[in-house]
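Undergrad: Provided herewith: input-v2.csv, CSV, C-alpha atoms and all ligand atoms.
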chain,number,residue,atom,x,y,z
A,16,MET,CA,-3.6,-17.2,-22.3
A,17,THR,CA,-0.9,-19.9,-21.7
A,18,ALA,CA,2.3,-19.2,-19.8
A,19,LEU,CA,4.2,-19.0,-23.1
A,20,ASP,CA,1.9,-16.2,-24.2
A,21,LEU,CA,2.3,-14.1,-21.1
A,22,PRO,CA,3.9,-10.7,-21.7
A,23,ARG,CA,7.4,-10.3,-20.3
A,24,SER,CA,6.9,-6.7,-19.5
A,25,VAL,CA,3.9,-4.4,-19.1
A,26,SER,CA,3.8,-0.6,-18.8
A,27,VAL,CA,0.9,1.2,-17.2
A,28,ARG,CA,0.3,5.0,-17.1
A,29,ALA,CA,-1.4,6.7,-14.2
A,30,ALA,CA,-2.3,10.4,-13.9
A,31,ALA,CA,-1.9,13.1,-11.2
A,32,LYS,CA,-5.1,14.0,-9.2
A,33,ILE,CA,-6.4,17.2,-7.9
A,34,ASN,CA,-9.4,17.8,-5.6
A,35,LEU,CA,-11.9,20.3,-6.9
A,36,HIS,CA,-13.8,20.0,-3.6
A,37,LEU,CA,-12.4,18.7,-0.3
A,38,GLY,CA,-14.8,18.8,2.6
A,39,VAL,CA,-13.3,17.4,5.8
A,40,GLY,CA,-15.3,16.2,8.8
A,41,ALA,CA,-14.3,15.6,12.5
A,42,VAL,CA,-11.5,13.0,12.9
A,43,ARG,CA,-12.8,9.4,13.2
A,44,ASP,CA,-11.8,6.8,15.8
A,45,ASP,CA,-9.3,5.2,13.4
A,46,GLY,CA,-7.5,8.5,13.0
A,47,PHE,CA,-8.8,9.2,9.4
A,48,HIS,CA,-11.1,12.1,8.5
A,49,PRO,CA,-14.5,11.6,6.8
A,50,LEU,CA,-14.3,13.3,3.4
A,51,GLU,CA,-16.7,14.6,0.8
A,52,THR,CA,-14.4,15.2,-2.1
A,53,VAL,CA,-14.5,15.6,-5.9
A,54,TYR,CA,-11.4,14.3,-7.6
A,55,GLN,CA,-10.1,15.0,-11.1
A,56,ALA,CA,-7.3,13.2,-13.0
A,57,ILE,CA,-5.2,15.7,-14.9
A,58,SER,CA,-2.6,15.2,-17.7
A,59,LEU,CA,0.6,14.8,-15.7
A,60,TYR,CA,1.6,11.1,-15.7
A,61,ASP,CA,3.8,8.5,-14.2
A,62,ASP,CA,4.5,5.3,-16.1
A,63,VAL,CA,5.3,2.1,-14.2
A,64,THR,CA,6.9,-0.8,-16.1
A,65,LEU,CA,6.9,-4.3,-14.6
A,66,ALA,CA,8.9,-7.1,-16.1
A,67,SER,CA,9.3,-10.7,-15.0
A,68,SER,CA,12.8,-11.1,-13.5
A,69,VAL,CA,15.0,-13.5,-11.7
A,70,VAL,CA,15.7,-10.8,-9.1
A,71,ARG,CA,13.9,-7.9,-7.5
A,72,ALA,CA,15.1,-4.8,-9.3
A,73,ARG,CA,14.0,-1.2,-8.9
A,74,GLY,CA,14.6,1.7,-11.3
A,75,LEU,CA,13.6,5.3,-11.4
A,76,GLU,CA,13.7,8.0,-14.2
A,77,CYS,CA,12.5,11.5,-13.6
A,78,ALA,CA,11.4,14.5,-15.6
A,79,ASP,CA,14.0,17.2,-15.5
A,80,TYR,CA,12.0,19.3,-13.0
A,81,ILE,CA,11.9,16.4,-10.4
A,82,ASP,CA,14.8,15.7,-8.0
A,83,ALA,CA,15.2,11.9,-8.1
A,84,GLY,CA,16.6,12.2,-4.5
A,85,ASP,CA,13.1,13.1,-3.3
A,86,VAL,CA,11.7,9.7,-4.4
A,87,PRO,CA,12.2,6.9,-1.9
A,88,LEU,CA,13.5,3.7,-3.4
A,89,GLY,CA,13.1,1.6,-0.3
A,90,ASP,CA,10.1,-0.2,1.0
A,91,ASP,CA,8.6,3.2,2.0
A,92,ASN,CA,7.8,3.7,-1.7
A,93,ILE,CA,4.1,2.9,-2.0
A,94,ALA,CA,4.6,1.4,-5.5
A,95,PHE,CA,6.8,-1.3,-4.0
A,96,ARG,CA,4.4,-1.8,-1.2
A,97,ALA,CA,1.7,-2.3,-3.8
A,98,LEU,CA,3.8,-5.0,-5.5
A,99,ASP,CA,4.4,-6.8,-2.3
A,100,LEU,CA,0.7,-6.6,-1.4
A,101,VAL,CA,-0.7,-7.9,-4.7
A,102,ARG,CA,2.0,-10.6,-4.9
A,103,ALA,CA,1.2,-11.8,-1.3
A,104,ARG,CA,-2.6,-11.9,-2.1
A,105,THR,CA,-2.3,-13.7,-5.4
A,106,GLY,CA,0.5,-16.0,-4.4
A,107,ARG,CA,2.4,-15.9,-7.7
A,108,PRO,CA,5.9,-17.1,-7.5
A,109,GLY,CA,9.0,-15.4,-9.0
A,110,HIS,CA,10.1,-11.7,-9.1
A,111,GLU,CA,9.5,-8.6,-11.0
A,112,SER,CA,11.6,-5.6,-11.8
A,113,VAL,CA,9.9,-2.3,-11.4
A,114,ASN,CA,10.8,0.9,-13.3
A,115,ILE,CA,9.0,4.2,-12.6
A,116,LEU,CA,9.1,7.0,-15.1
A,117,LYS,CA,8.0,10.1,-13.1
A,118,SER,CA,6.5,13.3,-14.3
A,119,ILE,CA,4.1,14.0,-11.5
A,120,PRO,CA,5.6,16.5,-9.1
A,121,VAL,CA,6.8,14.8,-5.9
A,122,ALA,CA,6.5,17.5,-3.3
A,123,GLY,CA,2.9,16.7,-2.5
A,124,GLY,CA,-0.8,17.2,-3.2
A,125,MET,CA,-1.0,15.5,-6.6
A,126,ALA,CA,-1.0,11.8,-5.5
A,127,GLY,CA,2.0,10.8,-7.5
A,128,GLY,CA,2.7,7.9,-5.1
A,129,SER,CA,-0.9,6.8,-5.3
A,130,ALA,CA,-0.7,6.9,-9.1
A,131,ASP,CA,2.4,4.7,-9.0
A,132,ALA,CA,0.7,2.2,-6.6
A,133,ALA,CA,-2.4,2.0,-8.8
A,134,ALA,CA,-0.3,1.6,-11.9
A,135,THR,CA,1.7,-1.2,-10.2
A,136,LEU,CA,-1.4,-3.1,-9.2
A,137,LEU,CA,-2.8,-3.0,-12.7
A,138,ALA,CA,0.6,-3.8,-14.3
A,139,TYR,CA,1.0,-6.9,-12.0
A,140,ASP,CA,-2.5,-8.0,-12.9
A,141,ARG,CA,-1.8,-7.8,-16.7
A,142,LEU,CA,1.8,-9.1,-16.5
A,143,HIS,CA,0.5,-12.4,-15.0
A,144,ALA,CA,-2.9,-12.3,-16.8
A,145,LEU,CA,-4.7,-12.6,-13.5
A,146,ASP,CA,-7.7,-10.7,-14.7
A,147,LEU,CA,-8.6,-9.7,-11.1
A,148,PRO,CA,-12.1,-8.2,-10.9
A,149,ASP,CA,-12.2,-4.4,-10.5
A,150,ALA,CA,-13.6,-4.8,-7.0
A,151,VAL,CA,-10.6,-6.7,-5.9
A,152,LEU,CA,-8.1,-4.2,-7.4
A,153,LEU,CA,-10.1,-1.3,-5.8
A,154,GLN,CA,-10.0,-3.2,-2.4
A,155,LEU,CA,-6.2,-3.6,-2.7
A,156,ALA,CA,-5.9,0.0,-3.7
A,157,ALA,CA,-7.9,1.2,-0.6
A,158,GLU,CA,-5.6,-0.8,1.6
A,159,LEU,CA,-2.6,1.1,0.2
A,160,GLY,CA,-4.0,4.6,0.6
A,161,SER,CA,-7.1,6.8,0.6
A,162,ASP,CA,-6.3,8.2,-2.9
A,163,VAL,CA,-5.2,5.0,-4.6
A,164,PRO,CA,-8.7,3.8,-5.7
A,165,PHE,CA,-9.3,7.1,-7.5
A,166,SER,CA,-6.0,6.7,-9.4
A,167,LEU,CA,-7.4,3.4,-10.8
A,168,VAL,CA,-10.7,5.0,-11.8
A,169,GLY,CA,-9.6,8.5,-13.1
A,170,GLY,CA,-11.8,11.0,-14.8
A,171,THR,CA,-13.8,13.1,-12.5
A,172,ALA,CA,-15.2,11.3,-9.5
A,173,ARG,CA,-16.8,11.8,-6.1
A,174,GLY,CA,-14.9,10.4,-3.1
A,175,ARG,CA,-16.4,9.6,0.3
A,176,GLY,CA,-15.4,7.6,3.3
A,177,ARG,CA,-11.8,8.5,3.9
A,178,GLY,CA,-11.6,9.2,0.1
A,179,GLU,CA,-11.5,5.5,-0.9
A,180,VAL,CA,-15.2,5.1,-1.9
A,181,VAL,CA,-15.1,6.4,-5.5
A,182,GLN,CA,-18.1,7.1,-7.7
A,183,PRO,CA,-17.4,8.3,-11.3
A,184,LEU,CA,-19.1,11.6,-12.4
A,185,ASP,CA,-20.2,12.5,-15.9
A,186,ASP,CA,-17.8,15.4,-16.8
A,187,ARG,CA,-17.7,16.5,-20.4
A,188,GLY,CA,-15.8,19.7,-19.8
A,189,THR,CA,-12.1,20.2,-20.7
A,190,TRP,CA,-10.6,22.1,-17.8
A,191,TRP,CA,-7.3,23.9,-18.0
A,192,TRP,CA,-5.0,23.9,-15.0
A,193,VAL,CA,-1.6,25.4,-14.0
A,194,ALA,CA,0.2,23.4,-11.3
A,195,VAL,CA,3.0,25.0,-9.2
A,196,ALA,CA,5.1,22.5,-7.3
A,197,SER,CA,7.0,23.5,-4.2
A,198,ASP,CA,10.5,22.2,-3.5
A,199,VAL,CA,9.7,21.9,0.2
A,200,GLY,CA,7.2,19.2,1.2
A,201,LEU,CA,4.3,19.6,3.6
A,202,SER,CA,3.2,16.6,5.8
A,203,THR,CA,-0.3,15.4,5.1
A,204,PRO,CA,-1.0,14.2,8.7
A,205,GLU,CA,0.3,17.6,10.0
A,206,VAL,CA,-2.1,19.5,7.7
A,207,TYR,CA,-5.0,17.3,8.9
A,208,ARG,CA,-4.0,17.8,12.6
A,209,HIS,CA,-3.8,21.6,12.0
A,210,HIS,CA,-7.3,21.4,10.5
A,211,ASP,CA,-8.6,19.8,13.7
A,212,ARG,CA,-7.0,22.6,15.7
A,213,LEU,CA,-8.5,25.3,13.5
A,214,PHE,CA,-12.0,23.6,13.2
A,215,PRO,CA,-12.7,21.8,16.4
A,216,ASP,CA,-16.5,21.9,15.6
A,217,ALA,CA,-16.1,20.2,12.1
A,218,PRO,CA,-19.3,18.1,11.4
A,219,THR,CA,-19.2,14.3,11.6
A,220,GLU,CA,-20.4,14.2,8.0
A,221,PRO,CA,-19.1,16.9,5.7
A,222,ALA,CA,-21.7,18.5,3.4
A,223,GLU,CA,-22.4,17.4,-0.2
A,224,PRO,CA,-20.7,19.6,-2.8
A,225,ALA,CA,-24.0,20.4,-4.5
A,226,ASP,CA,-22.9,23.8,-6.0
A,227,LEU,CA,-19.7,22.3,-7.5
A,228,LEU,CA,-21.5,19.4,-9.0
A,229,ALA,CA,-24.0,21.8,-10.6
A,230,ALA,CA,-21.1,24.0,-11.9
A,231,LEU,CA,-19.3,21.0,-13.4
A,232,ALA,CA,-22.3,20.1,-15.4
A,233,THR,CA,-22.3,23.5,-17.1
A,234,GLY,CA,-18.8,23.1,-18.5
A,235,GLU,CA,-18.2,26.8,-17.7
A,236,PRO,CA,-14.8,27.5,-16.1
A,237,LEU,CA,-15.9,30.7,-14.4
A,238,ARG,CA,-18.8,28.9,-12.7
A,239,LEU,CA,-16.5,26.0,-11.6
A,240,ALA,CA,-13.9,28.5,-10.3
A,241,ARG,CA,-16.5,30.1,-8.0
A,242,THR,CA,-17.4,26.7,-6.4
A,243,LEU,CA,-13.9,25.2,-5.9
A,244,HIS,CA,-13.5,24.6,-2.1
A,245,LYS,CA,-10.9,23.1,0.1
A,246,ASP,CA,-11.2,22.6,3.9
A,247,LEU,CA,-7.5,21.9,4.0
A,248,GLN,CA,-6.6,25.2,2.4
A,249,ALA,CA,-6.8,27.3,5.6
A,250,PRO,CA,-4.5,24.9,7.6
A,251,ALA,CA,-2.1,24.5,4.7
A,252,VAL,CA,-1.8,28.3,4.2
A,253,ASP,CA,-1.6,28.9,8.0
A,254,LEU,CA,1.4,26.4,8.1
A,255,ARG,CA,3.0,27.8,5.0
A,256,PRO,CA,1.9,31.5,4.4
A,257,GLU,CA,3.8,31.7,1.2
A,258,LEU,CA,1.2,29.4,-0.4
A,259,GLY,CA,-1.4,32.2,0.2
A,260,THR,CA,1.0,34.7,-1.5
A,261,LEU,CA,1.4,32.3,-4.5
A,262,ILE,CA,-2.4,31.9,-4.9
A,263,ASP,CA,-2.9,35.6,-4.9
A,264,ARG,CA,-0.1,36.0,-7.4
A,265,GLY,CA,-1.6,33.4,-9.8
A,266,GLU,CA,-5.0,35.0,-9.6
A,267,GLY,CA,-3.3,38.4,-10.3
A,268,GLU,CA,-1.8,36.9,-13.4
A,269,GLY,CA,-5.2,36.0,-14.7
A,270,ALA,CA,-6.1,32.6,-13.3
A,271,LEU,CA,-9.8,32.3,-12.5
A,272,ARG,CA,-9.1,30.7,-9.1
A,273,GLY,CA,-6.1,29.3,-7.3
A,274,ILE,CA,-6.3,26.6,-4.6
A,275,VAL,CA,-4.0,24.3,-2.7
A,276,SER,CA,-4.0,20.8,-4.2
A,277,GLY,CA,-4.9,18.0,-1.8
A,278,SER,CA,-3.2,18.9,1.5
A,279,GLY,CA,-0.5,21.0,-0.4
A,280,PRO,CA,2.0,22.3,-1.0
A,281,THR,CA,1.4,22.1,-4.7
A,282,CYS,CA,-1.0,24.9,-5.8
A,283,ILE,CA,-3.3,24.6,-8.8
A,284,PHE,CA,-4.9,27.4,-10.8
A,285,LEU,CA,-8.0,27.0,-13.0
A,286,CYS,CA,-7.7,29.0,-16.2
A,287,ASP,CA,-10.3,29.9,-18.9
A,288,SER,CA,-8.4,28.3,-21.8
A,289,LEU,CA,-5.0,26.9,-22.9
A,290,ASP,CA,-3.9,30.4,-23.9
A,291,GLY,CA,-5.0,31.7,-20.5
A,292,ALA,CA,-2.9,28.9,-18.8
A,293,HIS,CA,0.2,30.0,-20.9
A,294,ALA,CA,-0.2,33.6,-19.7
A,295,VAL,CA,-0.4,32.4,-16.0
A,296,VAL,CA,2.7,30.2,-16.5
A,297,ALA,CA,4.6,33.2,-18.0
A,298,GLY,CA,3.6,35.4,-15.1
A,299,LEU,CA,4.5,32.9,-12.4
A,300,GLN,CA,7.8,32.0,-14.0
A,301,GLY,CA,8.6,35.7,-14.2
A,302,ALA,CA,7.9,35.9,-10.5
A,303,GLY,CA,10.5,33.3,-9.8
A,304,HIS,CA,8.6,30.0,-9.7
A,305,ASP,CA,10.6,27.2,-11.3
A,306,VAL,CA,8.2,24.3,-11.7
A,307,VAL,CA,5.0,25.6,-13.3
A,308,LEU,CA,3.2,23.0,-15.4
A,309,ILE,CA,0.1,23.1,-17.6
A,310,ALA,CA,-2.4,20.2,-17.5
A,311,ASN,CA,-5.9,19.5,-18.6
A,312,GLY,CA,-8.5,17.2,-17.1
A,313,PRO,CA,-10.3,15.0,-16.8
A,314,VAL,CA,-8.1,12.2,-18.2
A,315,ALA,CA,-8.3,8.4,-17.9
A,316,GLY,CA,-7.3,6.4,-14.8
A,317,ALA,CA,-4.5,3.8,-14.8
A,318,HIS,CA,-4.3,2.1,-18.2
A,319,LEU,CA,-2.0,-0.2,-20.2
A,320,LEU,CA,0.5,1.6,-22.4
A,321,GLU,CA,2.1,-1.3,-24.2
A,322,HIS,CA,1.9,-5.1,-24.2
A,323,PRO,CA,4.9,-6.3,-26.1
A,401,LIG,O1,-4.5,7.2,3.3
A,401,LIG,P1,-3.2,7.9,3.2
A,401,LIG,O2,-2.1,7.0,3.5
A,401,LIG,O3,-3.0,8.6,1.9
A,401,LIG,O4,-3.3,9.0,4.3
A,401,LIG,C1,-2.1,9.6,4.8
A,401,LIG,C2,-2.4,10.4,6.0
A,401,LIG,O5,-3.3,11.4,5.8
A,401,LIG,C3,-3.1,9.5,7.1
A,401,LIG,O6,-2.2,8.8,7.9
A,401,LIG,C4,-3.9,10.6,7.9
A,401,LIG,O7,-3.0,11.2,8.8
A,401,LIG,C5,-4.3,11.6,6.8
A,401,LIG,N1,-5.6,11.3,6.3
A,401,LIG,C6,-6.7,11.6,7.1
A,401,LIG,N2,-8.0,11.4,6.6
A,401,LIG,C7,-8.2,11.0,5.4
A,401,LIG,C8,-7.1,10.7,4.5
A,401,LIG,C9,-5.8,10.9,5.0
A,401,LIG,O8,-6.6,12.0,8.3
A,401,LIG,N3,-9.4,10.9,4.9
Transcribe the structure of this file into structure tokens.
TA:
Amino acid sequence: MTALDLPRSVSVRAAAKINLHLGVGAVRDDGFHPLETVYQAISLYDDVTLASSVVRARGLECADYIDAGDVPLGDDNIAFRALDLVRARTGRPGHESVNILKSIPVAGGMAGGSADAAATLLAYDRLHALDLPDAVLLQLAAELGSDVPFSLVGGTARGRGRGEVVQPLDDRGTWWWVAVASDVGLSTPEVYRHHDRLFPDAPTEPAEPADLLAALATGEPLRLARTLHKDLQAPAVDLRPELGTLIDRGEGEGALRGIVSGSGPTCIFLCDSLDGAHAVVAGLQGAGHDVVLIANGPVAGAHLLEHP
């Protein structure tokens, strides 16, 4: 591809993630926790558009259930850090404008920031026709955050290390989820610190999620529901008891199982079908929850939307 053929703008879509299993070990010397996790990408998406530009410009559009004021537009936004990182490593001159179209709830637990970072890395690669090897993109992603490599890979995948070592899993099921966002955030480091207080004897290596992997292979929602497990659920619910009430309520409305997503505060509910998910949404909305979304998984990782 010659410079004249290069696209002037590129849009990449990246999905929200949930953790079906999150085993957390004792804190490491670098302050991170060793994880045994199973990620799934679900059908709530952010789109990042990068365009060649004479100036650095940043834009944001949000779904109606997202408060744009909750999204940082400075250098603390991980998407802009991703752009700075990949530009610094590849040494391309010039500037790009970045526009983020956000549908992944912001309050936490669904890796919306990680999705934006992954989308930005891929968009930069395609905009400049760099054709960086997957290993390089994954390495850059890992430098940005523990969940960012998974946002590139998508599907259903096992995560180890601090979450950045991702191995895709064969998952032919279609799983239906209801996600309930909270309008009050919950600090991820605080939930991990509370985990350490509650579980001072956590193992150095968290156990393999053998039961969950076996349940995934069956494609049966009830079997998967029984094996969902989160070591961060107890600390998150201890810090925010209303999350426990929400989980009980969702299960009372017919969800097979409710869990805290990531480190919270978003909660997700596995349902037996799309109809089952609609019933849970109606019940939770009736109980006063505003942002209740249906999504299915697994879906693809970060991918190009258009190449004008
Ligand atoms: O990697 P990421 O920036 O997403 O991590 C955010 C915070 O979550 C870390 O600073 C750390 O406090 C906590 N964390 C952890 N162990 C992990 C992943 C995250 O303690 N495996």
Undergrad: How many Å lie between CA of Gly74 (chain A) and CA of Val25 (chain A), rounded to one decimal?
TA: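 Those two atoms sit 14.6 Å apart.
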Undergrad: May I ask you to write as JSON, numbers by chain all residues lying at most 7 Å from ligand LIG 401 (chain A), with only C-alpha atoms and all ligand atoms counted?
TA: {"A": [42, 46, 47, 48, 49, 50, 159, 160, 161, 162, 177, 178, 203, 204, 207]}
Undergrad: Got a sec: who's within 12 Å of region 291-295 of chain A, counting all atoms listed in the file, leaving out chain neighbours fewer than 4 positions off, as a PDB file with C-alpha atoms, in the frame of the given file?
TA:
ATOM      1  CA  TRP A 190     -10.600  22.100 -17.800  1.00  0.00           C
ATOM      2  CA  TRP A 191      -7.300  23.900 -18.000  1.00  0.00           C
ATOM      3  CA  TRP A 192      -5.000  23.900 -15.000  1.00  0.00           C
ATOM      4  CA  VAL A 193      -1.600  25.400 -14.000  1.00  0.00           C
ATOM      5  CA  ALA A 194       0.200  23.400 -11.300  1.00  0.00           C
ATOM      6  CA  VAL A 195       3.000  25.000  -9.200  1.00  0.00           C
ATOM      7  CA  PRO A 236     -14.800  27.500 -16.100  1.00  0.00           C
ATOM      8  CA  LEU A 261       1.400  32.300  -4.500  1.00  0.00           C
ATOM      9  CA  ILE A 262      -2.400  31.900  -4.900  1.00  0.00           C
ATOM     10  CA  ASP A 263      -2.900  35.600  -4.900  1.00  0.00           C
ATOM     11  CA  ARG A 264      -0.100  36.000  -7.400  1.00  0.00           C
ATOM     12  CA  GLY A 265      -1.600  33.400  -9.800  1.00  0.00           C
ATOM     13  CA  GLU A 266      -5.000  35.000  -9.600  1.00  0.00           C
ATOM     14  CA  GLY A 267      -3.300  38.400 -10.300  1.00  0.00           C
ATOM     15  CA  GLU A 268      -1.800  36.900 -13.400  1.00  0.00           C
ATOM     16  CA  GLY A 269      -5.200  36.000 -14.700  1.00  0.00           C
ATOM     17  CA  ALA A 270      -6.100  32.600 -13.300  1.00  0.00           C
ATOM     18  CA  LEU A 271      -9.800  32.300 -12.500  1.00  0.00           C
ATOM     19  CA  ARG A 272      -9.100  30.700  -9.100  1.00  0.00           C
ATOM     20  CA  GLY A 273      -6.100  29.300  -7.300  1.00  0.00           C
ATOM     21  CA  ILE A 283      -3.300  24.600  -8.800  1.00  0.00           C
ATOM     22  CA  PHE A 284      -4.900  27.400 -10.800  1.00  0.00           C
ATOM     23  CA  LEU A 285      -8.000  27.000 -13.000  1.00  0.00           C
ATOM     24  CA  CYS A 286      -7.700  29.000 -16.200  1.00  0.00           C
ATOM     25  CA  ASP A 287     -10.300  29.900 -18.900  1.00  0.00           C
ATOM     26  CA  LEU A 299       4.500  32.900 -12.400  1.00  0.00           C
ATOM     27  CA  GLN A 300       7.800  32.000 -14.000  1.00  0.00           C
ATOM     28  CA  GLY A 301       8.600  35.700 -14.200  1.00  0.00           C
ATOM     29  CA  ALA A 302       7.900  35.900 -10.500  1.00  0.00           C
ATOM     30  CA  HIS A 304       8.600  30.000  -9.700  1.00  0.00           C
ATOM     31  CA  VAL A 307       5.000  25.600 -13.300  1.00  0.00           C
ATOM     32  CA  LEU A 308       3.200  23.000 -15.400  1.00  0.00           C
ATOM     33  CA  ILE A 309       0.100  23.100 -17.600  1.00  0.00           C
ATOM     34  CA  ALA A 310      -2.400  20.200 -17.500  1.00  0.00           C
ATOM     35  CA  ASN A 311      -5.900  19.500 -18.600  1.00  0.00           C
TER      36      ASN A 311
END
Undergrad: Between A:Arg187, A:Arg173, A:Lys117, A:Arg107, which is the closest to His36 (chain A) once you count all atoms listed in the file?
TA: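 Counting all atoms listed in the file, the residue closest to His36 (chain A) is A:Arg173.
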Undergrad: List the neighbours of Gly170 (chain A) out to 9 Å using only C-alpha atoms; skip same-chain residues closer than 5 positions along the sequence, and give me the result as an MDAnalysis selection string.
TA: chainID A and resid 54:57 165 183:186 312:316
Undergrad: Have a look at A:Asp198, A:Gly176, A:Thr189, A:Pro108 and name the one nearest to Leu239 (chain A); count all atoms listed in the file.
TA: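 For Leu239 (chain A), the nearest of the candidates is A:Thr189.
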Undergrad: Taking all atoms listed in the file into account, name the residue in A:Asp131, A:Gly188, A:Gln182, A:Asp140 that is nearest to Arg104 (chain A).
TA: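 Using all atoms listed in the file, Arg104 (chain A) sits closest to A:Asp140.
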Undergrad: Using only C-alpha atoms, which of A:Ser197, A:Ser24, A:Thr52, A:Gln248 sits nearest Leu213 (chain A)?
TA: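 Ranked by minimum distance to Leu213 (chain A), first place goes to A:Gln248.
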Undergrad: Pick out the closest residue to Tyr139 (chain A) from this set: A:Arg96, A:Arg255, A:Arg102, A:Arg175. Count only C-alpha atoms.
TA: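 Ranked by minimum distance to Tyr139 (chain A), first place goes to A:Arg102.
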Undergrad: Determine, counting only C-alpha atoms, every residue of protein, DNA or RNA that lies within 12 Å of (11.0, -5.0, -5.4) in the file coordinates, then give the result as a ChimeraX atom specification.
TA: /A:65-74,88-100,102,109-115,135
Undergrad: With only C-alpha atoms as the counted atoms, please give the residues lying no more than 12 Å from Arg212 (chain A), apart from itself and same-chain residues fewer than 4 positions off, as a count of residues only.
TA: 13
Undergrad: Taking only C-alpha atoms into account, name the residue in A:Ser288, A:Ser129, A:Thr219, A:Asn34 that is nearest to Pro164 (chain A).
TA: A:Ser129
